[in-house]
Amino acid sequence: MHKKQSIKLLVLGIDAALPDLLKKFKKEGSIPNLAKLMDNGFFSRVITTFPPLTAAAWAAIVTGAGPGTCGIPSLMVKLAGEELNMWHTSFDKRMLEAETLWEAENKVGRCTALINWPVTWPKGIENVNNGIQIASSLNPPFRFFYMPLWDIASSSLFSSDSYACNQVPGRAVVVNLEQAIDWIGLPKSKFSAKQFQIEVPPVYAKGVKYNVTIVSDNGQGYNKIIICRDKDASKAVTVLREKEWSDWIEENFINKDGELKRGRFRFYVPELTKDVKHFRLFASAINTAEDYTFPVNLKEKIIKTAGTYMEVDDPWAYMDGWVELDTYIDQLQQHVNWWSNTTKYVLENEDKDSVFSWVGVIDHIQHVLYGGIDPKSKHYKKEDAPKWMNYIRRVYQQVDEGVGNILKAVNLDETLIVVVSDHGFSSIEWNPYLKLLLKKAGLLSYTLNPQTGEMIVDWSKTKCFPLEPCHAHIFINLKGREPRGIVEPEDYEKVQQEIIEALMDIKDPETDECIVDLALKKQQAGTLGIFESKCYDRIGDVLFALKPEYMANPFVYQAVVKYFDGTERKIANIEEFEPAVITKNFTGAHLALPWDNTMHASLILTGAEIKPIERKQPVNIIDIAPTISKILGIPVPKDAEGNSLDEIVNKVKKRENN
């Protein structure tokens, strides 16, 4: 029989894989590989963290510790003593204060591989002997914040027409065509060649300049885009027709910090009309071409096996109208292929006791389309729902095929397989401007720079400030604790109550119903699974959850007032809510209370002689790490707050002892 420490471990982190959709697609026969794991193992819904956000949840999964202990309270982290509007990405391993499963198993001589695992940037394996790490996730695809871990810059568009541009402004560039002059080697054409010049990327990082010409070599209209460093078509970087992608192009860039970085990107032509009145030239995000593995010599092996590492996909290129939805789905397939082939390579070529491997594509397609499949959402139309569901199904199928590829390298008799997700999903209908609403309540004071739109906070009149990006935590500007605190310590609880009342006064713009599900004082955080521990100072003074239909917008935008005489002036936007529009904004999110059924994550445990069972009641996310530890016979991570699921552990032990 197995010795406990001889059991291999494979953890497949499938971000936002929903239990109800897994069961639906399993019943349909759409996901045969995941269905086999579900049928032959333990399957359960999972109650996630508060708030039910990616970094907080993945940290809890591998440590067994909640936010007050592990130090990951949300998408961002505010450290004690820093300005209230200063934050750190929660995907930084240096923010994580709790011991992980791989650190615990290292104590008994086991070694680990991490593949794109969240909250491990820049190095999550550095203290683990003989461990390996390949990249780390995640740069969330937000329009609110661009937070690259590995990427040098986001994508860009060069086009004949004006397009929306979320995330980093200035990435959508309108170009004017001119007659092509001084070119060498252009093909003969019935129509005169056109030219323009671009810089990739146009903003955020210092880019590379390219000369572009559009030509006709078939006598039927403009049909080809030639991209060159110099005006020599014989030395083109790439030549593309409509709907064609270039190969990966590798260049040097200067990043936003002034550092020289090597990066890779690709061009794509979504549109090129024969009369050249309308064209779009898309440049993908600039992925790192530098070292992203430990040890370093793994990088070239992974590139040869799985191709270029892409930190994050690009839903905003679709939602801003730059590329088609099918193009975005194809991009997700590329991410799945990289994940699947990289994981399979590690399993076949690196003798590691445990492998943790993560993929995020299901989360991202659900952010875009979830409102279209949710019958409770105003975005839902019965006639369109099958179309949106089919796109989501396709991504689940992509992941399922990836799982099947990975399982080819796994001995199911000797491996504990854990398939786990981190949170659920609900639809979004409105984005309340939380900072504006706090200002109207007299709790936050700011002005906007008329040139840049930057928010300038008046700390002398500000009682509180939300943790970016305005999810779950609000900090009081407390005198003696915050650098520019104004609230006297004796008024602390009074201001807490003022914040709670202001939150509960926020009403839906159409129904006039309260949009806040819960708002409570930090002293009551234990009811949300946030316990007073070593990272309690990272927890907000007031905690709140919006109802499922809402996600806060962290910005206050500028608006333009136009007068009859043609003059105009800029003012701070006075809208309290921004509507979510399907295919234009996120219509899916995961910010509701974690015990809401829509927020439940998924857990599959199979192999290591685990018998099939579907649990009737959800497990707690902090119970996963202790359960894995007990099955493997390794120390439970020292900071774990959860308990092992003895219904599984005891049965495994009993069979091992027989």
# chains A, B, ... in the order shown; residues from 1 in each chain; ligands from 1
$ closest_atom_pairs --of "region 406-519 of chain A" --to "region 585-605 of chain A" --cutoff "7 Å" --atoms "only C-alpha atoms" --output "Markdown table"
| residue | atom | partner | partner_atom | distance |
| --- | --- | --- | --- | --- |
| A:Ile417 | CA | A:Leu605 | CA | 5.8 |
| A:Val418 | CA | A:Leu605 | CA | 4.8 |
| A:Val419 | CA | A:Ile604 | CA | 5.0 |
| A:Val420 | CA | A:Leu603 | CA | 4.6 |
| A:Ser421 | CA | A:Ser602 | CA | 5.3 |
| A:Asp422 | CA | A:Ala601 | CA | 5.4 |
| A:His423 | CA | A:Ala601 | CA | 4.4 |
| A:Gly424 | CA | A:Met599 | CA | 3.7 |
| A:Phe425 | CA | A:His590 | CA | 4.8 |
| A:Ser426 | CA | A:Gly588 | CA | 5.5 |
| A:Ser427 | CA | A:Gly588 | CA | 4.3 |
| A:Ile428 | CA | A:Thr587 | CA | 4.6 |
| A:Glu429 | CA | A:Thr587 | CA | 6.8 |
$ closest_atom_pairs --of "region 42-136 of chain A" --to "region 629-639 of chain A" --cutoff "12 Å" --atoms "only C-alpha atoms" --output "Markdown table"
| residue | atom | partner | partner_atom | distance |
| --- | --- | --- | --- | --- |
| A:Ala59 | CA | A:Asp639 | CA | 11.7 |
| A:Ala60 | CA | A:Asp639 | CA | 10.4 |
| A:Ile61 | CA | A:Pro637 | CA | 10.9 |
| A:Val62 | CA | A:Pro637 | CA | 8.4 |
| A:Thr63 | CA | A:Pro637 | CA | 6.0 |
| A:Gly64 | CA | A:Pro637 | CA | 7.1 |
| A:Ala65 | CA | A:Asp639 | CA | 6.2 |
| A:Gly66 | CA | A:Asp639 | CA | 9.4 |
| A:Pro67 | CA | A:Asp639 | CA | 11.3 |
| A:Gly68 | CA | A:Asp639 | CA | 10.8 |
| A:Thr69 | CA | A:Asp639 | CA | 7.2 |
| A:Cys70 | CA | A:Asp639 | CA | 7.7 |
| A:Gly71 | CA | A:Asp639 | CA | 11.2 |
| A:Leu96 | CA | A:Asp639 | CA | 11.4 |
| A:Glu97 | CA | A:Asp639 | CA | 8.9 |
| A:Ala98 | CA | A:Asp639 | CA | 5.6 |
| A:Glu99 | CA | A:Pro637 | CA | 5.4 |
| A:Thr100 | CA | A:Pro637 | CA | 5.9 |
| A:Leu101 | CA | A:Pro637 | CA | 5.8 |
| A:Trp102 | CA | A:Pro637 | CA | 8.7 |
| A:Glu103 | CA | A:Pro637 | CA | 7.7 |
| A:Ala104 | CA | A:Pro637 | CA | 5.4 |
| A:Glu105 | CA | A:Ile634 | CA | 5.6 |
| A:Asn106 | CA | A:Ile634 | CA | 8.9 |
| A:Lys107 | CA | A:Pro635 | CA | 7.8 |
| A:Val108 | CA | A:Ile634 | CA | 6.8 |
| A:Gly109 | CA | A:Ile634 | CA | 9.6 |
| A:Arg110 | CA | A:Ile634 | CA | 8.9 |
| A:Cys111 | CA | A:Ile634 | CA | 11.9 |
$ write_last_selection --atoms "N, CA and C atoms" --output "CSV table (one decimal), in the first residue's frame"
chain,number,residue,atom,x,y,z
A,59,ALA,N,-4.8,32.4,-1.8
A,59,ALA,CA,-3.9,32.4,-0.6
A,59,ALA,C,-4.5,31.5,0.5
A,60,ALA,N,-5.8,31.6,0.7
A,60,ALA,CA,-6.5,30.7,1.7
A,60,ALA,C,-6.4,29.2,1.3
A,61,ILE,N,-6.5,28.9,0.0
A,61,ILE,CA,-6.5,27.5,-0.5
A,61,ILE,C,-5.2,26.9,-0.1
A,62,VAL,N,-4.0,27.6,-0.3
A,62,VAL,CA,-2.7,26.9,-0.1
A,62,VAL,C,-2.2,27.1,1.3
A,63,THR,N,-2.8,28.0,2.1
A,63,THR,CA,-2.3,28.2,3.5
A,63,THR,C,-3.3,27.7,4.6
A,64,GLY,N,-4.6,27.6,4.2
A,64,GLY,CA,-5.6,27.3,5.2
A,64,GLY,C,-5.9,28.4,6.1
A,65,ALA,N,-5.5,29.6,5.8
A,65,ALA,CA,-5.6,30.8,6.6
A,65,ALA,C,-6.4,31.9,5.9
A,66,GLY,N,-7.3,32.6,6.7
A,66,GLY,CA,-8.1,33.7,6.2
A,66,GLY,C,-7.3,35.0,6.1
A,67,PRO,N,-7.9,36.0,5.7
A,67,PRO,CA,-7.2,37.3,5.4
A,67,PRO,C,-6.6,37.9,6.6
A,68,GLY,N,-7.2,37.8,7.8
A,68,GLY,CA,-6.6,38.4,9.0
A,68,GLY,C,-5.3,37.7,9.4
A,69,THR,N,-5.0,36.5,8.9
A,69,THR,CA,-3.8,35.8,9.3
A,69,THR,C,-2.8,35.8,8.1
A,70,CYS,N,-3.3,35.5,6.9
A,70,CYS,CA,-2.4,35.4,5.8
A,70,CYS,C,-2.0,36.7,5.2
A,71,GLY,N,-2.8,37.8,5.4
A,71,GLY,CA,-2.4,39.1,5.0
A,71,GLY,C,-2.9,39.5,3.6
A,96,LEU,N,2.2,37.9,1.4
A,96,LEU,CA,1.7,36.7,2.0
A,96,LEU,C,2.5,36.4,3.3
A,97,GLU,N,1.8,36.4,4.4
A,97,GLU,CA,2.5,36.2,5.7
A,97,GLU,C,2.2,34.8,6.3
A,98,ALA,N,1.5,33.9,5.6
A,98,ALA,CA,1.2,32.6,6.1
A,98,ALA,C,2.0,31.5,5.4
A,99,GLU,N,2.3,30.4,6.1
A,99,GLU,CA,3.0,29.3,5.5
A,99,GLU,C,2.2,28.6,4.4
A,100,THR,N,2.8,28.2,3.3
A,100,THR,CA,2.0,27.5,2.2
A,100,THR,C,2.2,26.0,2.3
A,101,LEU,N,1.4,25.3,1.6
A,101,LEU,CA,1.5,23.9,1.5
A,101,LEU,C,2.9,23.4,1.1
A,102,TRP,N,3.5,24.1,0.1
A,102,TRP,CA,4.8,23.7,-0.4
A,102,TRP,C,5.9,24.0,0.6
A,103,GLU,N,5.7,25.0,1.4
A,103,GLU,CA,6.7,25.3,2.4
A,103,GLU,C,6.6,24.2,3.6
A,104,ALA,N,5.4,23.8,3.8
A,104,ALA,CA,5.2,22.8,4.9
A,104,ALA,C,5.7,21.4,4.4
A,105,GLU,N,5.5,21.1,3.2
A,105,GLU,CA,5.9,19.8,2.7
A,105,GLU,C,7.4,19.7,2.6
A,106,ASN,N,8.0,20.9,2.4
A,106,ASN,CA,9.5,20.9,2.3
A,106,ASN,C,10.2,20.5,3.6
A,107,LYS,N,9.5,20.7,4.7
A,107,LYS,CA,10.0,20.3,6.0
A,107,LYS,C,10.2,18.8,6.1
A,108,VAL,N,9.5,18.0,5.3
A,108,VAL,CA,9.7,16.5,5.3
A,108,VAL,C,10.3,16.0,4.0
A,109,GLY,N,11.0,16.9,3.3
A,109,GLY,CA,11.8,16.5,2.2
A,109,GLY,C,11.1,16.4,0.9
A,110,ARG,N,9.8,16.8,0.8
A,110,ARG,CA,9.2,16.8,-0.5
A,110,ARG,C,9.5,18.1,-1.3
A,111,CYS,N,9.5,18.0,-2.6
A,111,CYS,CA,9.8,19.2,-3.4
A,111,CYS,C,8.7,19.5,-4.4
$ closest_residue --among "A:Pro202, A:Gly485, A:Gly219, A:Pro73" --to "Ser155 (chain A)" --atoms "only C-alpha atoms"
A:Pro202
$ atom_distance --atom1 "CA of Ser533 (chain A)" --atom2 "CA of Ala640 (chain A)"
11.6 Å
$ closest_residue --among "A:Ile392, A:Tyr146, A:Gln366, A:Leu84" --to "Arg481 (chain A)" --atoms "only C-alpha atoms"
A:Leu84
$ residues_around --residues "Leu546 (chain A)" --least-positions-apart "4" --cutoff "8 Å" --atoms "only C-alpha atoms" --output "mmCIF file with N, CA and C atoms, in the first residue's frame"
data_model
loop_
_atom_site.group_PDB
_atom_site.id
_atom_site.type_symbol
_atom_site.label_atom_id
_atom_site.label_comp_id
_atom_site.auth_asym_id
_atom_site.auth_seq_id
_atom_site.Cartn_x
_atom_site.Cartn_y
_atom_site.Cartn_z
ATOM 1 N N ILE A 515 -28.366 49.001 -1.955
ATOM 2 C CA ILE A 515 -27.513 48.098 -2.741
ATOM 3 C C ILE A 515 -26.489 47.362 -1.883
ATOM 4 N N VAL A 516 -26.407 47.716 -0.591
ATOM 5 C CA VAL A 516 -25.407 47.114 0.296
ATOM 6 C C VAL A 516 -26.047 45.969 1.075
ATOM 7 N N ASP A 517 -25.442 44.801 0.986
ATOM 8 C CA ASP A 517 -25.967 43.621 1.669
ATOM 9 C C ASP A 517 -25.577 43.604 3.141
ATOM 10 N N LEU A 518 -24.366 44.093 3.420
ATOM 11 C CA LEU A 518 -23.843 44.030 4.787
ATOM 12 C C LEU A 518 -22.773 45.092 4.957
ATOM 13 N N TYR A 550 -23.972 44.477 -8.144
ATOM 14 C CA TYR A 550 -23.208 45.723 -8.121
ATOM 15 C C TYR A 550 -21.718 45.463 -7.950
ATOM 16 N N MET A 551 -20.901 46.280 -8.609
ATOM 17 C CA MET A 551 -19.459 46.297 -8.402
ATOM 18 C C MET A 551 -19.004 47.751 -8.443
ATOM 19 N N LEU A 591 -18.221 39.421 -5.904
ATOM 20 C CA LEU A 591 -18.029 40.320 -4.765
ATOM 21 C C LEU A 591 -19.123 40.189 -3.717
ATOM 22 N N ALA A 592 -20.092 39.302 -3.930
ATOM 23 C CA ALA A 592 -21.179 39.140 -2.975
ATOM 24 C C ALA A 592 -20.686 38.399 -1.738
#
$ residues_around --residues "Asn223 (chain A)" --least-positions-apart "2" --cutoff "8 Å" --atoms "only C-alpha atoms" --output "list in words"
Ile214, Val215, Ser216, Asp217, Asn218, Gly221, Ile225, Arg241, Glu242, Leu272, Thr273 and Lys274 of chain A
$ write_last_selection --atoms "N, CA and C atoms" --output "mmCIF file, in the first residue's frame"
data_model
loop_
_atom_site.group_PDB
_atom_site.id
_atom_site.type_symbol
_atom_site.label_atom_id
_atom_site.label_comp_id
_atom_site.auth_asym_id
_atom_site.auth_seq_id
_atom_site.Cartn_x
_atom_site.Cartn_y
_atom_site.Cartn_z
ATOM 1 N N ILE A 214 0.062 49.894 -46.812
ATOM 2 C CA ILE A 214 -1.061 49.056 -47.221
ATOM 3 C C ILE A 214 -1.081 49.036 -48.746
ATOM 4 N N VAL A 215 -1.076 47.835 -49.316
ATOM 5 C CA VAL A 215 -0.915 47.697 -50.758
ATOM 6 C C VAL A 215 -1.988 46.768 -51.325
ATOM 7 N N SER A 216 -2.048 46.779 -52.643
ATOM 8 C CA SER A 216 -2.896 45.842 -53.375
ATOM 9 C C SER A 216 -2.015 45.098 -54.362
ATOM 10 N N ASP A 217 -1.961 43.786 -54.222
ATOM 11 C CA ASP A 217 -1.166 43.019 -55.194
ATOM 12 C C ASP A 217 -2.026 42.014 -55.947
ATOM 13 N N ASN A 218 -3.365 42.209 -55.879
ATOM 14 C CA ASN A 218 -4.245 41.296 -56.606
ATOM 15 C C ASN A 218 -5.153 42.013 -57.597
ATOM 16 N N GLY A 221 -8.299 45.404 -55.010
ATOM 17 C CA GLY A 221 -8.449 46.281 -53.860
ATOM 18 C C GLY A 221 -7.309 46.073 -52.882
ATOM 19 N N ILE A 225 -1.090 44.302 -45.591
ATOM 20 C CA ILE A 225 -0.389 45.269 -44.747
ATOM 21 C C ILE A 225 1.045 44.787 -44.553
ATOM 22 N N ARG A 241 -2.551 39.741 -44.214
ATOM 23 C CA ARG A 241 -3.849 40.008 -44.814
ATOM 24 C C ARG A 241 -4.895 40.064 -43.697
ATOM 25 N N GLU A 242 -6.114 40.406 -44.079
ATOM 26 C CA GLU A 242 -7.189 40.472 -43.089
ATOM 27 C C GLU A 242 -7.360 39.123 -42.390
ATOM 28 N N LEU A 272 -9.691 44.995 -42.896
ATOM 29 C CA LEU A 272 -9.030 45.724 -43.980
ATOM 30 C C LEU A 272 -9.976 45.707 -45.182
ATOM 31 N N THR A 273 -10.667 46.836 -45.414
ATOM 32 C CA THR A 273 -11.603 46.896 -46.542
ATOM 33 C C THR A 273 -10.845 47.138 -47.840
ATOM 34 N N LYS A 274 -11.456 46.723 -48.928
ATOM 35 C CA LYS A 274 -10.797 46.825 -50.230
ATOM 36 C C LYS A 274 -10.495 48.262 -50.615
#
$ residues_around --residues "region 74-82 of chain A" --least-positions-apart "4" --cutoff "9 Å" --atoms "only C-alpha atoms" --output "number ranges by chain"
A: 50-57, 67, 86-91, 95, 467-469, 471-473, 481-483, 537-539
$ select_by_dssp --residues "region 412-617 of chain A" --states "strand (DSSP E)" --output "number ranges by chain"
A: 415-420, 426-427, 430-432, 446-448, 455-457, 464-466, 473-476, 516-521, 542-546, 558-562, 568-572, 577-579, 588-589, 601-606, 613-614
$ residues_around --residues "Leu22 (chain A)" --least-positions-apart "6" --cutoff "9 Å" --atoms "only C-alpha atoms" --output "VMD selection string"
chain A and resid 31 34 to 35 396 602
$ residues_around --residues "Thr415 (chain A)" --least-positions-apart "4" --cutoff "6 Å" --atoms "only C-alpha atoms" --output "ChimeraX atom specification"
/A:7-9,607-608
$ closest_atom_pairs --of "region 286-399 of chain A" --to "region 159-182 of chain A" --cutoff "10 Å" --atoms "only C-alpha atoms" --output "CSV"
residue,atom,partner,partner_atom,distance
A:Trp316,CA,A:Asn166,CA,6.9
A:Ala317,CA,A:Cys165,CA,8.4
A:Met319,CA,A:Ala164,CA,8.7
A:Asp320,CA,A:Ala164,CA,5.2
A:Gly321,CA,A:Tyr163,CA,7.0
A:Trp322,CA,A:Tyr163,CA,7.3
$ closest_residue --among "A:Glu324, A:Glu251, A:Phe267, A:Pro140" --to "Thr238 (chain A)" --atoms "only C-alpha atoms"
A:Phe267
$ atom_distance --atom1 "CA of Lys231 (chain A)" --atom2 "CA of Val200 (chain A)"
16.7 Å
$ select_by_dssp --residues "region 332-419 of chain A" --states "helix (DSSP H, G or I)" --output "ChimeraX atom specification"
/A:332-349,361-372,385-407
$ closest_atom_pairs --of "region 558-652 of chain A" --to "region 450-463 of chain A" --cutoff "8 Å" --atoms "only C-alpha atoms" --output "Markdown table"
| residue | atom | partner | partner_atom | distance |
| --- | --- | --- | --- | --- |
| A:Gln558 | CA | A:Gly453 | CA | 6.2 |
| A:Lys570 | CA | A:Pro450 | CA | 6.6 |
| A:Ile571 | CA | A:Pro450 | CA | 7.6 |
$ atom_distance --atom1 "CA of Leu437 (chain A)" --atom2 "CA of Ile500 (chain A)"
12.4 Å
$ closest_residue --among "A:Lys277, A:His379, A:Arg143, A:Lys344" --to "Val403 (chain A)" --atoms "only C-alpha atoms"
A:Lys344
$ closest_residue --among "A:Ile406, A:Leu520, A:Met504, A:Ala16" --to "Asn33 (chain A)" --atoms "only C-alpha atoms"
A:Ile406
